[in-house]
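Data first, discussion second: the structure below is written as structure tokens.
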Amino acid sequence: MDSNIGQVVVMLILAYLLGSIPSGVWVGKLFFHKDIRQFGSGNIGTTNTYRVLGPIAGTLVMILDIAKGSIATMLPVFFHSYTISPLVFGIAAILGHTFSIFDHFKGGKAVATSAGMLLAYRPELFLIAAGIWISLIFITSMVSLASMIAFSIITIIAFAMQEHLLAILALVLTIFIFYRHKTNIKRILAGNENLVPFGLYYWWRNRNQQK
């Protein structure tokens, strides 16, 4: 029993450290000699990386952040230990991403790392979430709004599927993500949220501004 507890503690620490890897900061410094915390919104996640460093860097950071959540969630498989739900280790990675030991306990908004946890735990729900997220970005041109709505819908689906632990965690994460996006919500309500340079709303607004 003691060895099981020790193994769980080791996996939790590993999951937290995985999540703590500040992908955006490291990619920016290593390949572009820029600290993205000093540009744009100052966030270390995909959206600000995309905005500051371009689509290739933004996509790489998104993949790395998703991978952090997935690998952490799969740690019980790697360690052949199934004492507790793998979601617990996904949450540890999300906490690491949000409160990174490598970034003075600051971090990103946890969207991609949470998606990575979902990918490892329920790939079909990840595909649904990804489809919703991509569609909403194309419609609204707002990553923040797409993320909040996608998380809300997945939470409802998880409750409907009676995936009780996942549903509760999804609800907590949804509330947390809404909180982390509070400045985005203010900008959305004021009509001046940052837009990605594509999508229906982006094209519509540009067309109206040119008239």
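In the structure tokens, each chain is lettered A, B, ... as it comes, each chain's residues begin at 1, and ligands are numbered from 1 in order of appearance.
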
Show which residues sit within 9 Å of A:Met74, as a list of chain:residue names. Count only C-alpha atoms, and ignore same-chain residues fewer than 2 positions away.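 Using only C-alpha atoms, the neighbours found are A:Gly69, A:Ser70, A:Ile71, A:Ala72, A:Pro76, A:Val77, A:Phe78, A:Phe79, A:Pro86, A:Leu87, A:Phe89, A:Gly90, A:Met117, A:Ala120, A:Tyr121.
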
Expected file: the selected residues, N, CA and C atoms, as an mmCIF file, in the first residue's frame:
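New file result30.cif:
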data_model
loop_
_atom_site.group_PDB
_atom_site.id
_atom_site.type_symbol
_atom_site.label_atom_id
_atom_site.label_comp_id
_atom_site.auth_asym_id
_atom_site.auth_seq_id
_atom_site.Cartn_x
_atom_site.Cartn_y
_atom_site.Cartn_z
ATOM 1 N N GLY A 69 -0.921 17.719 -21.337
ATOM 2 C CA GLY A 69 -2.110 17.181 -20.685
ATOM 3 C C GLY A 69 -2.316 15.710 -20.981
ATOM 4 N N SER A 70 -2.050 15.304 -22.223
ATOM 5 C CA SER A 70 -2.249 13.905 -22.615
ATOM 6 C C SER A 70 -1.248 12.975 -21.934
ATOM 7 N N ILE A 71 0.020 13.349 -21.965
ATOM 8 C CA ILE A 71 1.051 12.498 -21.361
ATOM 9 C C ILE A 71 0.828 12.364 -19.861
ATOM 10 N N ALA A 72 0.498 13.476 -19.213
ATOM 11 C CA ALA A 72 0.246 13.426 -17.769
ATOM 12 C C ALA A 72 -0.923 12.503 -17.444
ATOM 13 N N PRO A 76 -0.571 6.787 -15.535
ATOM 14 C CA PRO A 76 -0.913 5.480 -14.940
ATOM 15 C C PRO A 76 -0.657 4.314 -15.888
ATOM 16 N N VAL A 77 -0.826 4.546 -17.199
ATOM 17 C CA VAL A 77 -0.549 3.496 -18.178
ATOM 18 C C VAL A 77 0.947 3.212 -18.228
ATOM 19 N N PHE A 78 1.748 4.274 -18.247
ATOM 20 C CA PHE A 78 3.199 4.111 -18.323
ATOM 21 C C PHE A 78 3.758 3.436 -17.070
ATOM 22 N N PHE A 79 3.151 3.750 -15.920
ATOM 23 C CA PHE A 79 3.637 3.205 -14.647
ATOM 24 C C PHE A 79 2.908 1.920 -14.232
ATOM 25 N N PRO A 86 -7.071 8.507 -13.876
ATOM 26 C CA PRO A 86 -6.048 9.261 -14.627
ATOM 27 C C PRO A 86 -6.362 10.747 -14.739
ATOM 28 N N LEU A 87 -7.629 11.105 -14.562
ATOM 29 C CA LEU A 87 -8.001 12.518 -14.617
ATOM 30 C C LEU A 87 -7.292 13.336 -13.545
ATOM 31 N N PHE A 89 -4.245 13.101 -12.633
ATOM 32 C CA PHE A 89 -2.929 13.504 -13.129
ATOM 33 C C PHE A 89 -3.061 14.561 -14.226
ATOM 34 N N GLY A 90 -4.163 14.487 -14.971
ATOM 35 C CA GLY A 90 -4.440 15.549 -15.937
ATOM 36 C C GLY A 90 -4.650 16.875 -15.240
ATOM 37 N N MET A 117 -5.830 16.543 -21.750
ATOM 38 C CA MET A 117 -6.374 15.598 -20.770
ATOM 39 C C MET A 117 -7.578 14.873 -21.355
ATOM 40 N N ALA A 120 -6.612 12.187 -23.986
ATOM 41 C CA ALA A 120 -6.116 10.925 -23.430
ATOM 42 C C ALA A 120 -7.225 10.121 -22.763
ATOM 43 N N TYR A 121 -8.198 10.825 -22.160
ATOM 44 C CA TYR A 121 -9.229 10.141 -21.382
ATOM 45 C C TYR A 121 -10.409 9.700 -22.231
#

Tell me, as a PDB file with N, CA, C and O atoms, in the first residue's frame, which residues lie within 10 Å of A:Leu17, counting only C-alpha atoms; anything in the same chain fewer than 3 positions away does not count.
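Full text of result-v9.pdb as output:
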ATOM      1  N   MET A  11       3.988  10.231  -9.561  1.00  0.00           N
ATOM      2  CA  MET A  11       3.257  10.548 -10.792  1.00  0.00           C
ATOM      3  C   MET A  11       2.627  11.929 -10.721  1.00  0.00           C
ATOM      4  O   MET A  11       2.594  12.658 -11.725  1.00  0.00           O
ATOM      5  N   LEU A  12       2.117  12.307  -9.559  1.00  0.00           N
ATOM      6  CA  LEU A  12       1.533  13.645  -9.409  1.00  0.00           C
ATOM      7  C   LEU A  12       2.589  14.724  -9.611  1.00  0.00           C
ATOM      8  O   LEU A  12       2.334  15.744 -10.265  1.00  0.00           O
ATOM      9  N   ILE A  13       3.775  14.499  -9.043  1.00  0.00           N
ATOM     10  CA  ILE A  13       4.861  15.465  -9.212  1.00  0.00           C
ATOM     11  C   ILE A  13       5.272  15.557 -10.681  1.00  0.00           C
ATOM     12  O   ILE A  13       5.460  16.649 -11.232  1.00  0.00           O
ATOM     13  N   LEU A  14       5.404  14.394 -11.334  1.00  0.00           N
ATOM     14  CA  LEU A  14       5.758  14.373 -12.753  1.00  0.00           C
ATOM     15  C   LEU A  14       4.706  15.091 -13.597  1.00  0.00           C
ATOM     16  O   LEU A  14       5.034  15.853 -14.509  1.00  0.00           O
ATOM     17  N   SER A  20       3.972  22.220 -16.085  1.00  0.00           N
ATOM     18  CA  SER A  20       4.659  23.480 -15.805  1.00  0.00           C
ATOM     19  C   SER A  20       5.555  23.949 -16.937  1.00  0.00           C
ATOM     20  O   SER A  20       5.992  25.106 -16.952  1.00  0.00           O
ATOM     21  N   ILE A  21       5.877  23.054 -17.879  1.00  0.00           N
ATOM     22  CA  ILE A  21       6.752  23.447 -18.984  1.00  0.00           C
ATOM     23  C   ILE A  21       6.128  24.616 -19.755  1.00  0.00           C
ATOM     24  O   ILE A  21       5.055  24.460 -20.359  1.00  0.00           O
ATOM     25  N   LYS A  68       1.223  17.920 -23.161  1.00  0.00           N
ATOM     26  CA  LYS A  68       1.464  17.928 -21.715  1.00  0.00           C
ATOM     27  C   LYS A  68       0.285  17.304 -20.974  1.00  0.00           C
ATOM     28  O   LYS A  68       0.462  16.461 -20.088  1.00  0.00           O
ATOM     29  N   ALA A  72       0.498  13.476 -19.213  1.00  0.00           N
ATOM     30  CA  ALA A  72       0.246  13.426 -17.769  1.00  0.00           C
ATOM     31  C   ALA A  72      -0.923  12.503 -17.444  1.00  0.00           C
ATOM     32  O   ALA A  72      -0.867  11.706 -16.499  1.00  0.00           O
ATOM     33  N   ALA A  92      -3.392  17.702 -12.369  1.00  0.00           N
ATOM     34  CA  ALA A  92      -2.078  18.138 -11.871  1.00  0.00           C
ATOM     35  C   ALA A  92      -1.312  18.871 -12.963  1.00  0.00           C
ATOM     36  O   ALA A  92      -0.648  19.886 -12.714  1.00  0.00           O
ATOM     37  N   ALA A  93      -1.403  18.364 -14.205  1.00  0.00           N
ATOM     38  CA  ALA A  93      -0.735  19.037 -15.332  1.00  0.00           C
ATOM     39  C   ALA A  93      -1.365  20.398 -15.606  1.00  0.00           C
ATOM     40  O   ALA A  93      -0.656  21.371 -15.905  1.00  0.00           O
ATOM     41  N   LEU A  95      -2.837  22.318 -13.422  1.00  0.00           N
ATOM     42  CA  LEU A  95      -2.371  23.217 -12.351  1.00  0.00           C
ATOM     43  C   LEU A  95      -0.942  23.670 -12.636  1.00  0.00           C
ATOM     44  O   LEU A  95      -0.590  24.834 -12.410  1.00  0.00           O
ATOM     45  N   GLY A  96      -0.113  22.733 -13.140  1.00  0.00           N
ATOM     46  CA  GLY A  96       1.257  23.100 -13.491  1.00  0.00           C
ATOM     47  C   GLY A  96       1.294  24.134 -14.594  1.00  0.00           C
ATOM     48  O   GLY A  96       2.076  25.094 -14.543  1.00  0.00           O
ATOM     49  N   HIS A  97       0.443  23.961 -15.604  1.00  0.00           N
ATOM     50  CA  HIS A  97       0.399  24.911 -16.718  1.00  0.00           C
ATOM     51  C   HIS A  97      -0.035  26.294 -16.248  1.00  0.00           C
ATOM     52  O   HIS A  97       0.486  27.318 -16.713  1.00  0.00           O
ATOM     53  N   SER A 100       2.927  27.660 -13.078  1.00  0.00           N
ATOM     54  CA  SER A 100       4.167  26.981 -13.447  1.00  0.00           C
ATOM     55  C   SER A 100       5.311  27.305 -12.498  1.00  0.00           C
ATOM     56  O   SER A 100       5.611  28.482 -12.244  1.00  0.00           O
ATOM     57  N   ILE A 101       5.985  26.262 -12.032  1.00  0.00           N
ATOM     58  CA  ILE A 101       7.163  26.457 -11.181  1.00  0.00           C
ATOM     59  C   ILE A 101       8.304  27.082 -11.966  1.00  0.00           C
ATOM     60  O   ILE A 101       9.212  27.688 -11.411  1.00  0.00           O
ATOM     61  N   PHE A 102       8.256  26.947 -13.301  1.00  0.00           N
ATOM     62  CA  PHE A 102       9.291  27.514 -14.164  1.00  0.00           C
ATOM     63  C   PHE A 102       8.980  28.951 -14.584  1.00  0.00           C
ATOM     64  O   PHE A 102       9.789  29.574 -15.289  1.00  0.00           O
TER      65      PHE A 102
END

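Closest to A:Val10 among A:Val27, A:Asp65, A:Leu60, A:Ser81 is A:Ser81, based on only C-alpha atoms.
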
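Comparing A:Asn192, A:His104, A:Ser41, A:Ile157 by their smallest distance to A:Phe126, the closest is A:Ile157 (using only C-alpha atoms).
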
Which residues are close to A:Phe99, i.e. within 10 Å by only C-alpha atoms, leaving aside same-chain residues fewer than 4 positions away? Reply as a PyMOL selection string. chain A and resi 16+19-20+93-95+103-110

Output all heavy atoms of each residue in that selection to a file, as an mmCIF file, in the first residue's frame.
data_model
loop_
_atom_site.group_PDB
_atom_site.id
_atom_site.type_symbol
_atom_site.label_atom_id
_atom_site.label_comp_id
_atom_site.auth_asym_id
_atom_site.auth_seq_id
_atom_site.Cartn_x
_atom_site.Cartn_y
_atom_site.Cartn_z
ATOM 1 N N TYR A 16 2.624 17.426 -12.637
ATOM 2 C CA TYR A 16 2.710 18.870 -12.388
ATOM 3 C C TYR A 16 3.888 19.477 -13.145
ATOM 4 O O TYR A 16 3.767 20.540 -13.769
ATOM 5 C CB TYR A 16 2.846 19.145 -10.892
ATOM 6 C CG TYR A 16 3.152 20.594 -10.601
ATOM 7 C CD1 TYR A 16 2.157 21.562 -10.644
ATOM 8 C CD2 TYR A 16 4.467 21.000 -10.341
ATOM 9 C CE1 TYR A 16 2.457 22.901 -10.414
ATOM 10 C CE2 TYR A 16 4.769 22.334 -10.119
ATOM 11 C CZ TYR A 16 3.763 23.272 -10.156
ATOM 12 O OH TYR A 16 4.051 24.600 -9.944
ATOM 13 N N GLY A 19 3.159 19.709 -16.836
ATOM 14 C CA GLY A 19 2.265 20.828 -17.094
ATOM 15 C C GLY A 19 2.949 22.168 -16.946
ATOM 16 O O GLY A 19 2.579 23.149 -17.606
ATOM 17 N N SER A 20 3.972 22.220 -16.085
ATOM 18 C CA SER A 20 4.659 23.480 -15.805
ATOM 19 C C SER A 20 5.555 23.949 -16.937
ATOM 20 O O SER A 20 5.992 25.106 -16.952
ATOM 21 C CB SER A 20 5.505 23.342 -14.530
ATOM 22 O OG SER A 20 4.682 23.255 -13.380
ATOM 23 N N ALA A 93 -1.403 18.364 -14.205
ATOM 24 C CA ALA A 93 -0.735 19.037 -15.332
ATOM 25 C C ALA A 93 -1.365 20.398 -15.606
ATOM 26 O O ALA A 93 -0.656 21.371 -15.905
ATOM 27 C CB ALA A 93 -0.805 18.157 -16.572
ATOM 28 N N ILE A 94 -2.675 20.474 -15.506
ATOM 29 C CA ILE A 94 -3.376 21.748 -15.720
ATOM 30 C C ILE A 94 -2.953 22.770 -14.667
ATOM 31 O O ILE A 94 -2.711 23.940 -14.980
ATOM 32 C CB ILE A 94 -4.901 21.531 -15.699
ATOM 33 C CG1 ILE A 94 -5.327 20.726 -16.933
ATOM 34 C CG2 ILE A 94 -5.649 22.862 -15.641
ATOM 35 C CD1 ILE A 94 -6.725 20.183 -16.853
ATOM 36 N N LEU A 95 -2.837 22.318 -13.422
ATOM 37 C CA LEU A 95 -2.371 23.217 -12.351
ATOM 38 C C LEU A 95 -0.942 23.670 -12.636
ATOM 39 O O LEU A 95 -0.590 24.834 -12.410
ATOM 40 C CB LEU A 95 -2.447 22.509 -10.997
ATOM 41 C CG LEU A 95 -3.857 22.280 -10.451
ATOM 42 C CD1 LEU A 95 -3.803 21.417 -9.186
ATOM 43 C CD2 LEU A 95 -4.548 23.612 -10.148
ATOM 44 N N ASP A 103 7.821 29.466 -14.174
ATOM 45 C CA ASP A 103 7.414 30.815 -14.574
ATOM 46 C C ASP A 103 6.873 31.589 -13.377
ATOM 47 O O ASP A 103 5.862 32.281 -13.479
ATOM 48 C CB ASP A 103 6.355 30.729 -15.694
ATOM 49 C CG ASP A 103 6.083 32.075 -16.336
ATOM 50 O OD1 ASP A 103 6.956 32.968 -16.272
ATOM 51 O OD2 ASP A 103 4.978 32.251 -16.895
ATOM 52 N N HIS A 104 7.550 31.431 -12.246
ATOM 53 C CA HIS A 104 7.189 32.160 -11.029
ATOM 54 C C HIS A 104 5.725 31.908 -10.627
ATOM 55 O O HIS A 104 5.037 32.808 -10.162
ATOM 56 C CB HIS A 104 7.434 33.658 -11.195
ATOM 57 C CG HIS A 104 8.814 33.991 -11.690
ATOM 58 N ND1 HIS A 104 9.955 33.838 -10.928
ATOM 59 C CD2 HIS A 104 9.243 34.420 -12.914
ATOM 60 C CE1 HIS A 104 11.016 34.183 -11.630
ATOM 61 N NE2 HIS A 104 10.616 34.535 -12.846
ATOM 62 N N PHE A 105 5.279 30.680 -10.850
ATOM 63 C CA PHE A 105 3.921 30.240 -10.513
ATOM 64 C C PHE A 105 2.842 31.063 -11.234
ATOM 65 O O PHE A 105 1.748 31.267 -10.726
ATOM 66 C CB PHE A 105 3.704 30.245 -8.992
ATOM 67 C CG PHE A 105 4.590 29.243 -8.299
ATOM 68 C CD1 PHE A 105 5.769 29.650 -7.673
ATOM 69 C CD2 PHE A 105 4.271 27.898 -8.309
ATOM 70 C CE1 PHE A 105 6.608 28.727 -7.060
ATOM 71 C CE2 PHE A 105 5.100 26.965 -7.700
ATOM 72 C CZ PHE A 105 6.272 27.372 -7.082
ATOM 73 N N LYS A 106 3.208 31.513 -12.435
ATOM 74 C CA LYS A 106 2.233 32.095 -13.353
ATOM 75 C C LYS A 106 2.068 31.119 -14.497
ATOM 76 O O LYS A 106 2.710 30.081 -14.544
ATOM 77 C CB LYS A 106 2.714 33.458 -13.859
ATOM 78 C CG LYS A 106 2.887 34.497 -12.762
ATOM 79 C CD LYS A 106 3.447 35.785 -13.330
ATOM 80 C CE LYS A 106 3.686 36.814 -12.220
ATOM 81 N NZ LYS A 106 4.287 38.063 -12.767
ATOM 82 N N GLY A 107 1.215 31.447 -15.460
ATOM 83 C CA GLY A 107 1.049 30.522 -16.578
ATOM 84 C C GLY A 107 -0.059 30.909 -17.523
ATOM 85 O O GLY A 107 -0.521 32.057 -17.532
ATOM 86 N N GLY A 108 -0.498 29.938 -18.302
ATOM 87 C CA GLY A 108 -1.516 30.166 -19.314
ATOM 88 C C GLY A 108 -2.926 29.948 -18.796
ATOM 89 O O GLY A 108 -3.148 29.800 -17.593
ATOM 90 N N LYS A 109 -3.856 29.902 -19.735
ATOM 91 C CA LYS A 109 -5.268 29.803 -19.375
ATOM 92 C C LYS A 109 -5.793 28.376 -19.360
ATOM 93 O O LYS A 109 -6.974 28.138 -19.135
ATOM 94 C CB LYS A 109 -6.097 30.667 -20.324
ATOM 95 C CG LYS A 109 -5.766 32.152 -20.183
ATOM 96 C CD LYS A 109 -6.551 33.016 -21.152
ATOM 97 C CE LYS A 109 -6.196 34.482 -20.961
ATOM 98 N NZ LYS A 109 -6.901 35.366 -21.924
ATOM 99 N N ALA A 110 -4.927 27.410 -19.650
ATOM 100 C CA ALA A 110 -5.209 25.970 -19.455
ATOM 101 C C ALA A 110 -6.134 25.350 -20.495
ATOM 102 O O ALA A 110 -6.560 24.218 -20.319
ATOM 103 C CB ALA A 110 -5.768 25.716 -18.053
#

From chain A, collect each residue whose DSSP state is alpha helix (DSSP H) and return the set as a PyMOL selection string. chain A and resi 2-20+23-32+46-53+55-73+75-79+87-98+111-121+123-140+143-160+164-180+182-190+200-210

Got a sec: who's within 12 Å of A:Ile134, counting only C-alpha atoms, leaving out chain neighbours fewer than 3 positions off, as a list in words?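 Those residues are Phe126, Leu127, Ile128, Ala129, Ala130, Gly131, Ile137, Phe138, Ile139, Thr140, Ser141, Met142, Val143, Ser144, Leu145, Ala146, Ser147, Ile149, Ala150, Val196, Phe198 and Gly199 of chain A.
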
Set the distance at 8 Å and use only C-alpha atoms: which residues neighbour A:Ala170 once local chain neighbours fewer than 4 positions away are removed? I'd like the list as a list in words. Phe151, Ile154, Thr155, Ala158, Leu166 and Thr174 of chain A

Give the answer as one residue: which of A:Trp133, A:Tyr179, A:Gly40, A:Glu124 has the shortest atom-to-atom distance to A:Asn194, using only C-alpha atoms? A:Gly40
